[in-house]
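Okay, start_30.txt is below, compact mmCIF, C-alpha atoms:
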# COMPACT_ATOMS: atom_id res chain seq x y z
CA MET N 27 0.00 0.00 0.00
CA TYR N 28 2.77 2.43 0.95
CA PHE N 29 4.80 1.36 -2.06
CA ARG N 30 1.93 1.92 -4.48
CA GLN N 31 1.02 5.31 -3.01
CA ILE N 32 4.65 6.46 -3.00
CA PHE N 33 5.14 5.27 -6.58
CA LEU N 34 2.00 7.07 -7.81
CA SER N 35 2.92 10.28 -5.91
CA ALA N 36 6.41 10.12 -7.39
CA CYS N 37 4.99 9.61 -10.91
CA LEU N 38 2.75 12.69 -10.60
CA THR N 39 5.65 14.73 -9.20
CA ALA N 40 7.96 13.51 -11.95
CA ILE N 41 5.51 14.46 -14.72
CA LEU N 42 5.24 18.03 -13.39
CA ALA N 43 8.94 18.41 -12.54
CA SER N 44 10.20 16.94 -15.81
CA ILE N 45 7.97 19.19 -17.93
CA VAL N 46 9.07 22.40 -16.17
CA PHE N 47 12.73 21.33 -15.97
CA SER N 48 12.76 20.24 -19.63
CA LEU N 49 11.29 23.57 -20.75
CA TYR N 50 13.92 25.53 -18.83
CA GLN N 51 16.61 23.18 -20.10
CA PHE N 52 15.38 23.47 -23.70
CA TYR N 53 15.60 27.26 -23.71
CA PHE N 54 18.56 27.99 -21.42
CA VAL N 55 20.76 24.91 -20.89
CA SER N 56 20.71 22.70 -23.98
CA PRO N 57 21.69 25.55 -26.38
CA LEU N 58 24.95 25.87 -24.39
CA ILE N 59 25.58 22.10 -24.72
CA PHE N 60 24.90 22.24 -28.47
CA ALA N 61 27.18 25.27 -28.87
CA ALA N 62 29.99 23.49 -27.01
CA GLU N 63 29.57 20.32 -29.08
CA ILE N 64 30.49 22.28 -32.22
CA TYR N 65 33.98 22.68 -30.76
CA GLU N 66 34.21 19.10 -29.50
CA VAL N 67 37.24 17.42 -31.04
CA ALA N 68 36.10 14.13 -32.53
CA GLU N 69 37.86 11.06 -31.15
CA PRO N 70 39.64 9.10 -33.85
CA MET N 71 37.50 6.04 -34.57
CA ASN N 72 38.53 2.68 -35.85
CA THR N 73 36.90 2.18 -39.27
CA GLU N 74 35.59 -1.22 -38.18
CA GLN N 75 33.84 0.28 -35.17
CA VAL N 76 30.12 0.74 -35.55
CA GLU N 77 28.86 4.10 -34.34
CA PRO N 78 26.56 3.39 -31.36
CA TRP N 79 22.93 4.44 -31.54
CA ALA N 80 22.20 8.03 -30.56
CA PRO N 81 18.95 9.97 -30.88
CA GLU N 82 18.74 12.21 -33.96
CA ASP N 83 19.19 15.88 -33.21
CA GLY N 84 15.88 17.71 -32.99
CA ILE N 85 12.62 16.27 -31.72
CA GLU N 86 14.02 12.78 -31.09
CA ARG N 87 16.89 14.08 -28.96
CA SER N 88 14.55 16.41 -27.04
CA PHE N 89 12.15 13.51 -26.43
CA PHE N 90 14.87 11.26 -24.99
CA THR N 91 16.14 14.14 -22.87
CA TRP N 92 12.62 14.62 -21.49
CA LEU N 93 12.34 10.86 -20.88
CA ALA N 94 15.64 10.86 -18.99
CA ASN N 95 14.48 13.93 -17.04
CA PHE N 96 11.23 12.14 -16.18
CA LEU N 97 12.99 8.98 -14.96
CA MET N 98 15.50 11.02 -12.97
CA SER N 99 12.72 13.09 -11.35
CA LEU N 100 10.84 9.86 -10.61
CA ALA N 101 13.91 8.40 -8.89
CA TYR N 102 14.54 11.57 -6.88
CA SER N 103 10.89 11.85 -5.86
CA LEU N 104 10.80 8.17 -4.79
CA LEU N 105 13.85 8.69 -2.58
CA LEU N 106 12.53 11.95 -1.14
CA ALA N 107 9.09 10.43 -0.45
CA CYS N 108 10.71 7.49 1.39
CA GLY N 109 12.63 9.93 3.59
CA ILE N 110 9.60 12.11 4.29
CA VAL N 111 7.22 9.22 5.02
CA TYR N 112 9.81 7.44 7.17
CA ARG N 113 10.08 10.57 9.32
CA GLY N 114 6.31 10.74 9.88
CA ALA N 115 3.67 13.27 8.84
CA SER N 116 4.25 15.06 5.52
CA SER N 117 3.45 18.54 4.24
CA ALA N 118 4.41 20.75 1.31
CA LEU N 119 6.56 22.84 3.67
CA LYS N 120 8.44 19.79 4.93
CA GLY N 121 8.83 18.74 1.31
CA LEU N 122 10.36 22.14 0.54
CA ALA N 123 12.93 21.67 3.32
CA TRP N 124 13.77 18.16 2.04
CA GLY N 125 14.02 19.57 -1.50
CA ILE N 126 16.45 22.31 -0.44
CA ALA N 127 18.54 19.74 1.47
CA ALA N 128 18.56 17.49 -1.60
CA TYR N 129 19.67 20.40 -3.81
CA LEU N 130 22.55 21.06 -1.43
CA ALA N 131 23.56 17.38 -1.18
CA ILE N 132 22.97 16.26 -4.77
CA PHE N 133 23.86 19.37 -6.78
CA MET N 134 25.84 21.90 -4.75
CA ALA N 135 28.14 19.57 -2.76
CA PRO N 136 29.49 17.58 -5.74
CA SER N 137 29.64 20.75 -7.86
CA LEU N 138 32.14 22.28 -5.40
CA GLY N 139 34.65 19.63 -6.47
CA LEU N 140 33.36 18.72 -9.92
CA PRO N 141 31.66 21.80 -11.43
CA PRO N 142 29.05 21.10 -14.14
CA GLU N 143 30.90 20.28 -17.38
CA ILE N 144 30.11 21.15 -20.95
CA PRO N 145 31.11 18.76 -23.73
CA GLY N 146 34.73 19.15 -24.78
CA MET N 147 36.12 19.83 -21.31
CA ASP N 148 39.19 18.02 -20.08
CA ALA N 149 38.33 15.94 -17.06
CA ALA N 150 39.81 13.20 -14.92
CA ASP N 151 38.97 9.51 -15.42
CA LEU N 152 35.20 8.96 -15.60
CA ASN N 153 35.15 6.13 -13.03
CA LEU N 154 37.11 8.19 -10.50
CA ARG N 155 34.75 11.14 -10.95
CA GLN N 156 31.65 8.95 -10.67
CA ASN N 157 33.01 7.34 -7.49
CA TRP N 158 33.80 10.73 -5.94
CA TRP N 159 30.37 12.03 -6.97
CA LEU N 160 28.62 9.05 -5.30
CA LEU N 161 30.78 9.37 -2.19
CA THR N 162 30.10 13.11 -1.91
CA VAL N 163 26.35 12.84 -2.45
CA THR N 164 26.02 9.94 0.01
CA PHE N 165 28.13 11.59 2.72
CA SER N 166 26.46 14.99 2.24
CA ALA N 167 22.96 13.49 2.40
CA ILE N 168 23.76 11.49 5.55
CA GLY N 169 25.60 14.53 6.99
CA LEU N 170 22.60 16.82 6.49
CA GLY N 171 20.34 14.10 7.93
CA VAL N 172 22.52 13.85 11.03
CA LEU N 173 22.55 17.66 11.40
CA ALA N 174 18.78 17.84 11.10
CA PHE N 175 17.59 14.86 13.12
CA SER N 176 20.25 13.59 15.53
CA PRO N 177 20.70 14.67 19.16
CA ARG N 178 22.92 17.73 19.59
CA TYR N 179 26.06 15.86 20.71
CA TYR N 180 26.16 13.88 17.44
CA LYS N 181 25.85 16.90 15.16
CA GLY N 182 29.62 17.28 14.86
CA ALA N 183 29.63 13.96 12.98
CA GLY N 184 27.27 15.54 10.43
CA VAL N 185 29.70 18.41 9.83
CA ILE N 186 32.58 15.95 9.43
CA LEU N 187 30.59 13.93 6.88
CA LEU N 188 29.84 17.13 4.93
CA ILE N 189 33.50 18.20 4.84
CA LEU N 190 35.21 14.81 4.42
CA PRO N 191 34.71 14.34 0.62
CA HIS N 192 36.28 17.77 0.03
CA LEU N 193 39.25 16.89 2.23
CA ILE N 194 39.71 13.73 0.17
CA GLY N 195 39.43 15.99 -2.88
CA ALA N 196 37.76 15.55 -6.25
CA PRO N 197 39.78 13.81 -8.96
CA THR N 198 41.35 16.48 -11.13
CA PRO N 199 42.67 16.19 -14.68
CA GLU N 200 46.34 16.82 -15.46
CA LEU N 201 45.32 19.78 -17.58
CA HIS N 202 42.46 22.03 -16.54
CA GLY N 203 40.17 23.57 -19.11
CA PHE N 204 39.95 22.85 -22.80
CA SER N 205 42.47 21.07 -25.00
CA HIS N 206 41.13 22.67 -28.17
CA PRO N 207 44.08 23.85 -30.29
CA ASP N 208 42.48 27.20 -31.24
CA PRO N 209 42.78 29.89 -28.50
CA ASN N 210 39.64 31.65 -29.79
CA ALA N 211 37.69 28.43 -29.38
CA VAL N 212 39.07 28.03 -25.85
CA GLN N 213 37.86 31.55 -25.01
CA ALA N 214 34.42 30.84 -26.48
CA LEU N 215 34.20 27.53 -24.58
CA THR N 216 35.24 29.19 -21.32
CA ASP N 217 32.46 31.77 -21.75
CA LEU N 218 29.97 29.01 -22.54
CA TRP N 219 31.10 27.08 -19.48
CA HIS N 220 30.57 30.07 -17.14
CA GLN N 221 27.04 30.50 -18.48
CA PHE N 222 26.50 26.75 -18.18
CA VAL N 223 27.45 26.69 -14.48
CA LEU N 224 25.01 29.57 -13.80
CA GLN N 225 22.15 28.08 -15.83
CA THR N 226 22.50 24.55 -14.40
CA SER N 227 22.52 26.00 -10.87
CA ILE N 228 19.21 27.75 -11.61
CA ALA N 229 17.73 24.76 -13.46
CA ASN N 230 18.55 22.33 -10.63
CA ALA N 231 17.20 24.74 -8.01
CA LEU N 232 13.98 24.89 -10.05
CA LEU N 233 13.89 21.08 -10.27
CA TRP N 234 14.19 20.62 -6.51
CA LEU N 235 11.79 23.47 -5.72
CA ILE N 236 9.18 21.49 -7.66
CA ILE N 237 10.09 17.95 -6.56
CA GLY N 238 10.33 18.87 -2.84
CA PRO N 239 7.01 20.62 -2.12
CA THR N 240 5.05 18.50 -4.65
CA THR N 241 6.31 15.24 -3.14
CA GLY N 242 5.56 16.56 0.37
CA PHE N 243 2.06 17.67 -0.61
CA LEU N 244 1.20 14.40 -2.40
CA CYS N 245 2.55 12.30 0.49
CA GLN N 246 0.33 14.27 2.85
CA ARG N 247 -2.62 13.84 0.52
CA PHE N 248 -2.23 10.15 -0.36
CA ILE N 249 -0.13 8.53 2.37
CA ASP N 250 -0.68 10.24 5.71
CA GLY N 251 -4.31 9.12 5.54
CA ILE N 252 -3.30 5.47 5.54
CA SER N 253 -3.90 4.18 9.03
CA PRO N 254 -3.34 0.56 10.00
CA TYR N 255 -7.13 0.24 10.20
CA ASN N 256 -7.60 1.39 6.57
CA LEU N 257 -4.90 -1.00 5.51
CA GLN N 258 -6.76 -3.82 7.16
CA ILE N 259 -9.96 -2.93 5.27
CA ASN N 260 -8.11 -2.79 1.96
CA LYS N 261 -6.41 -6.09 2.63
CA GLY N 262 -9.70 -7.70 3.64
CA MET G 11 -13.02 -2.57 23.61
CA ASN G 12 -10.20 -4.59 25.08
CA THR G 13 -10.32 -7.10 22.28
CA ASP G 14 -10.20 -4.26 19.71
CA ASN G 15 -7.16 -2.68 21.33
CA SER G 16 -5.21 -5.88 21.59
CA LEU G 17 -6.14 -6.66 17.99
CA ALA G 18 -4.78 -3.30 16.86
CA GLN G 19 -1.63 -3.78 18.90
CA GLU G 20 -1.04 -7.19 17.44
CA GLN G 21 -1.49 -5.82 13.95
CA ASN G 22 0.75 -2.81 14.47
CA ILE G 23 3.95 -4.82 14.65
CA PRO G 24 3.78 -6.54 11.25
CA LEU G 25 2.32 -3.35 9.70
CA ALA G 26 5.23 -1.23 10.93
CA SER G 27 7.81 -3.65 9.55
CA SER G 28 5.81 -3.89 6.33
CA LYS G 29 5.87 -0.08 6.07
CA ASN G 30 9.66 0.00 6.40
CA LEU G 31 10.03 -2.85 3.94
CA GLN G 32 7.89 -1.00 1.39
CA LEU G 33 9.82 2.24 1.93
CA PHE G 34 13.05 0.32 1.45
CA ALA G 35 11.73 -1.23 -1.78
CA ALA G 36 10.66 2.17 -3.13
CA ALA G 37 14.05 3.71 -2.27
CA ALA G 38 15.85 0.77 -3.91
CA LEU G 39 13.78 1.26 -7.06
CA GLY G 40 14.72 4.96 -7.02
CA ILE G 41 18.41 4.14 -6.76
CA VAL G 42 18.23 1.59 -9.61
CA ILE G 43 16.45 4.11 -11.89
CA LEU G 44 18.93 6.83 -10.94
CA PHE G 45 21.85 4.53 -11.76
CA GLY G 46 20.32 3.73 -15.15
CA VAL G 47 19.79 7.38 -16.07
CA GLY G 48 22.94 8.85 -14.59
CA PHE G 49 25.64 6.19 -14.49
CA ALA G 50 24.91 3.26 -16.83
CA PRO G 51 28.04 2.98 -18.98
CA MET G 52 26.37 1.53 -22.11
CA ASP G 53 26.67 3.83 -25.13
CA MET G 54 22.92 3.77 -25.78
CA ALA G 55 22.02 4.78 -22.23
CA HIS G 56 24.72 7.46 -22.32
CA ASN G 57 23.58 8.91 -25.64
CA ALA G 58 19.89 8.91 -24.73
CA ALA G 59 20.44 10.59 -21.36
CA HIS G 60 23.42 12.72 -22.47
CA ASP G 61 21.87 16.19 -22.12
CA THR G 62 20.22 15.26 -18.81
CA ARG G 63 23.53 14.01 -17.38
CA HIS G 64 25.25 17.26 -18.31
CA SER G 65 22.39 19.43 -17.05
CA VAL G 66 22.33 17.90 -13.57
CA ALA G 67 26.14 17.82 -13.31
CA PHE G 68 26.56 14.03 -13.33
CA PRO G 69 30.08 13.10 -14.42
CA CYS G 70 29.79 12.44 -18.16
CA HIS G 71 32.26 11.44 -20.92

Could you take the file, read its structure, and then write that structure out as structure tokens?
Amino acid sequence: MYFRQIFLSACLTAILASIVFSLYQFYFVSPLIFAAEIYEVAEPMNTEQVEPWAPEDGIERSFFTWLANFLMSLAYSLLLACGIVYRGASSALKGLAWGIAAYLAIFMAPSLGLPPEIPGMDAADLNLRQNWWLLTVTFSAIGLGVLAFSPRYYKGAGVILLILPHLIGAPTPELHGFSHPDPNAVQALTDLWHQFVLQTSIANALLWLIIGPTTGFLCQRFIDGISPYNLQINKG
Amino acid sequence: MNTDNSLAQEQNIPLASSKNLQLFAAAALGIVILFGVGFAPMDMAHNAAHDTRHSVAFPCH
């Protein structure tokens, strides 16, 4: 019963969040990605290699981006709803607080070490970056949870968890920036990157400002009403 | 009255553990979906979710 209600709430939240996020992304974020891709230096490919499938530019690419946005919002809303319901009664305001915490843990904390990248940027090994990203998001989320919910004498542990990934340090590439041979292109890419960091910060804030309160509201509406007695009736 | 109360108390224990189990299942589903969208290394998954991965600052490429 809880699982079904949480899944449906998360689906509704994800539809709303993915539409708004995709619209913002379409007008303000994706154009920066497309502009950077023009400068992307193609990797030399073996002639026997088959080019893997990729959506065609245009409607098909936008559709798959929306689909990915929807699934990502669904996943985030599921996780947020589990946290909110586990803690007890829900409300849109509580959802907002959870959403802000999630923005800090999932976007801001990893971005301090690994700022949002545009295509064509030099970066450290992908596996190392993904591992550091997971470590940072996990530690930051637990750290914020400890700060918010634990007794006062444990709160220091929360601060340590928040700081620890940054003491370990994000994996950095040997060369920072862009390896494009043309200095004009490097300048253009650097400008694009600065805009990209600003626009993704706004877009992700928007995403969490929708996912948080909507998840909180829908949990209050569809889950808080479930009492053990109702469950018994439904089971019977 | 007494019978009702004891009935409710008996039921509360399995219901509480069932609640946590369901929350755990929902969270696990969320993590699996998130891994598929953000981290799956297959070229197809990467290409389909490419712009999303960049926009939410997942490590990409």

Which residue of N:Pro142, N:Gly125, N:Gly109, N:Gly114 approaches chain G most closely, using all atoms listed in the file: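 Ranking N:Pro142, N:Gly125, N:Gly109, N:Gly114 by distance to chain G, first place goes to N:Pro142.
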
Using all atoms listed in the file, which residues of chain G come within 7 Å of chain N, and what is the closest atom pair for each, with the distance in Å to one decimal? Give it as JSON lines, sorted by chain and residue number.
{"residue": "G:Asn22", "atom": "CA", "partner": "N:Pro254", "partner_atom": "CA", "distance": 6.9}
{"residue": "G:Leu25", "atom": "CA", "partner": "N:Pro254", "partner_atom": "CA", "distance": 6.9}
{"residue": "G:Lys29", "atom": "CA", "partner": "N:Tyr28", "partner_atom": "CA", "distance": 6.5}
{"residue": "G:Gln32", "atom": "CA", "partner": "N:Phe29", "partner_atom": "CA", "distance": 5.2}
{"residue": "G:Leu33", "atom": "CA", "partner": "N:Cys108", "partner_atom": "CA", "distance": 5.4}
{"residue": "G:Ala36", "atom": "CA", "partner": "N:Phe29", "partner_atom": "CA", "distance": 6.0}
{"residue": "G:Ala37", "atom": "CA", "partner": "N:Leu105", "partner_atom": "CA", "distance": 5.0}
{"residue": "G:Gly40", "atom": "CA", "partner": "N:Ala101", "partner_atom": "CA", "distance": 4.0}
{"residue": "G:Ile41", "atom": "CA", "partner": "N:Ala101", "partner_atom": "CA", "distance": 6.6}
{"residue": "G:Ile43", "atom": "CA", "partner": "N:Ala101", "partner_atom": "CA", "distance": 5.8}
{"residue": "G:Leu44", "atom": "CA", "partner": "N:Ala101", "partner_atom": "CA", "distance": 5.6}
{"residue": "G:Val47", "atom": "CA", "partner": "N:Ala94", "partner_atom": "CA", "distance": 6.2}
{"residue": "G:Asp53", "atom": "CA", "partner": "N:Pro78", "partner_atom": "CA", "distance": 6.2}
{"residue": "G:Met54", "atom": "CA", "partner": "N:Trp79", "partner_atom": "CA", "distance": 5.8}
{"residue": "G:Asn57", "atom": "CA", "partner": "N:Ala80", "partner_atom": "CA", "distance": 5.2}
{"residue": "G:Ala58", "atom": "CA", "partner": "N:Phe90", "partner_atom": "CA", "distance": 5.5}
{"residue": "G:Ala59", "atom": "CA", "partner": "N:Ala94", "partner_atom": "CA", "distance": 5.4}
{"residue": "G:Asp61", "atom": "CA", "partner": "N:Thr91", "partner_atom": "CA", "distance": 6.1}
{"residue": "G:Thr62", "atom": "CA", "partner": "N:Thr91", "partner_atom": "CA", "distance": 5.9}
{"residue": "G:His64", "atom": "CA", "partner": "N:Glu143", "partner_atom": "CA", "distance": 6.5}
{"residue": "G:Ser65", "atom": "CA", "partner": "N:Thr226", "partner_atom": "CA", "distance": 5.8}
{"residue": "G:Val66", "atom": "CA", "partner": "N:Asn230", "partner_atom": "CA", "distance": 6.5}
{"residue": "G:Ala67", "atom": "CA", "partner": "N:Pro142", "partner_atom": "CA", "distance": 4.5}
{"residue": "G:Pro69", "atom": "CA", "partner": "N:Gln156", "partner_atom": "CA", "distance": 5.8}
{"residue": "G:Cys70", "atom": "CA", "partner": "N:Leu152", "partner_atom": "CA", "distance": 6.9}
{"residue": "G:His71", "atom": "CA", "partner": "N:Leu152", "partner_atom": "CA", "distance": 6.6}

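Close contacts of Gln213 of chain N, defined as residues with an atom at most 12 Å away when counting all atoms listed in the file, with chain neighbours fewer than 5 positions off set aside, comprise Ala62, Tyr65, Gly203, Phe204, Ser205, His206, Pro207, Asp208, Leu218, Trp219 and His220 of chain N.
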
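Ranking N:Arg113, N:Lys120, N:His192, N:Lys181 by their shortest atom-to-atom distance to Ala135 of chain N, with all atoms listed in the file included, puts N:His192 first.
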
Pairwise distance, atom CA of Met52 of chain G with atom CA of Ala61 of chain N, equals 24.7 Å

- Task: Using atom CA of Leu232 of chain N and atom CA of Leu58 of chain N as the two end points, give the distance in Å to one decimal.
- Result: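 One can read the atom CA of Leu232 of chain N to atom CA of Leu58 of chain N distance as 18.1 Å.
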
From atom CA of Pro57 of chain N to atom CA of Val212 of chain N the spacing works out at 17.6 Å

Have segment 88-99 of chain N completed to all heavy atoms, please, and pass it along as a compact mmCIF listing (two decimals), in the coordinates of the input.
# COMPACT_ATOMS: atom_id res chain seq x y z
N SER N 88 15.29 15.73 -28.11
CA SER N 88 14.55 16.41 -27.04
C SER N 88 13.64 15.43 -26.31
O SER N 88 13.49 15.51 -25.09
CB SER N 88 13.69 17.55 -27.62
OG SER N 88 14.50 18.48 -28.25
N PHE N 89 13.03 14.49 -27.07
CA PHE N 89 12.15 13.51 -26.43
C PHE N 89 12.93 12.64 -25.44
O PHE N 89 12.49 12.42 -24.31
CB PHE N 89 11.47 12.63 -27.48
CG PHE N 89 10.75 11.46 -26.86
CD1 PHE N 89 9.53 11.65 -26.22
CD2 PHE N 89 11.30 10.18 -26.88
CE1 PHE N 89 8.88 10.58 -25.62
CE2 PHE N 89 10.65 9.11 -26.28
CZ PHE N 89 9.44 9.31 -25.64
N PHE N 90 14.08 12.13 -25.88
CA PHE N 90 14.87 11.26 -24.99
C PHE N 90 15.39 12.04 -23.78
O PHE N 90 15.51 11.49 -22.69
CB PHE N 90 16.00 10.57 -25.75
CG PHE N 90 15.53 9.33 -26.45
CD1 PHE N 90 15.19 9.35 -27.79
CD2 PHE N 90 15.38 8.15 -25.74
CE1 PHE N 90 14.72 8.21 -28.42
CE2 PHE N 90 14.92 7.00 -26.36
CZ PHE N 90 14.58 7.03 -27.71
N THR N 91 15.71 13.32 -24.00
CA THR N 91 16.14 14.14 -22.87
C THR N 91 14.99 14.30 -21.87
O THR N 91 15.19 14.17 -20.66
CB THR N 91 16.61 15.52 -23.36
OG1 THR N 91 17.68 15.33 -24.27
CG2 THR N 91 17.09 16.39 -22.21
N TRP N 92 13.77 14.52 -22.40
CA TRP N 92 12.62 14.62 -21.49
C TRP N 92 12.43 13.30 -20.76
O TRP N 92 12.18 13.28 -19.55
CB TRP N 92 11.33 14.98 -22.25
CG TRP N 92 10.15 14.86 -21.34
CD1 TRP N 92 9.76 15.75 -20.39
CD2 TRP N 92 9.28 13.72 -21.22
NE1 TRP N 92 8.70 15.24 -19.68
CE2 TRP N 92 8.38 14.00 -20.18
CE3 TRP N 92 9.18 12.51 -21.91
CZ2 TRP N 92 7.39 13.11 -19.80
CZ3 TRP N 92 8.19 11.61 -21.52
CH2 TRP N 92 7.31 11.92 -20.48
N LEU N 93 12.53 12.18 -21.50
CA LEU N 93 12.34 10.86 -20.88
C LEU N 93 13.36 10.64 -19.75
O LEU N 93 13.00 10.18 -18.65
CB LEU N 93 12.50 9.76 -21.94
CG LEU N 93 12.18 8.34 -21.49
CD1 LEU N 93 10.69 8.21 -21.17
CD2 LEU N 93 12.56 7.34 -22.58
N ALA N 94 14.61 11.00 -20.02
CA ALA N 94 15.64 10.86 -18.99
C ALA N 94 15.34 11.78 -17.82
O ALA N 94 15.51 11.40 -16.65
CB ALA N 94 17.02 11.17 -19.58
N ASN N 95 14.86 13.00 -18.12
CA ASN N 95 14.48 13.93 -17.04
C ASN N 95 13.35 13.36 -16.20
O ASN N 95 13.35 13.46 -14.97
CB ASN N 95 14.03 15.28 -17.61
CG ASN N 95 15.17 16.08 -18.18
OD1 ASN N 95 16.33 15.83 -17.86
ND2 ASN N 95 14.87 17.01 -19.06
N PHE N 96 12.37 12.73 -16.89
CA PHE N 96 11.23 12.14 -16.18
C PHE N 96 11.71 11.02 -15.25
O PHE N 96 11.34 10.99 -14.07
CB PHE N 96 10.21 11.60 -17.18
CG PHE N 96 9.13 10.79 -16.53
CD1 PHE N 96 8.09 11.42 -15.86
CD2 PHE N 96 9.17 9.40 -16.55
CE1 PHE N 96 7.11 10.67 -15.22
CE2 PHE N 96 8.20 8.65 -15.92
CZ PHE N 96 7.16 9.28 -15.25
N LEU N 97 12.53 10.11 -15.78
CA LEU N 97 12.99 8.98 -14.96
C LEU N 97 13.83 9.47 -13.78
O LEU N 97 13.72 8.97 -12.67
CB LEU N 97 13.79 8.00 -15.83
CG LEU N 97 12.95 7.21 -16.83
CD1 LEU N 97 13.84 6.43 -17.79
CD2 LEU N 97 12.01 6.26 -16.10
N MET N 98 14.67 10.48 -14.05
CA MET N 98 15.50 11.02 -12.97
C MET N 98 14.63 11.67 -11.89
O MET N 98 14.83 11.44 -10.69
CB MET N 98 16.48 12.03 -13.55
CG MET N 98 17.43 12.60 -12.53
SD MET N 98 18.25 14.02 -13.21
CE MET N 98 16.87 15.12 -13.48
N SER N 99 13.62 12.46 -12.32
CA SER N 99 12.72 13.09 -11.35
C SER N 99 11.96 12.03 -10.57
O SER N 99 11.74 12.18 -9.36
CB SER N 99 11.72 14.01 -12.06
OG SER N 99 12.36 14.89 -12.92
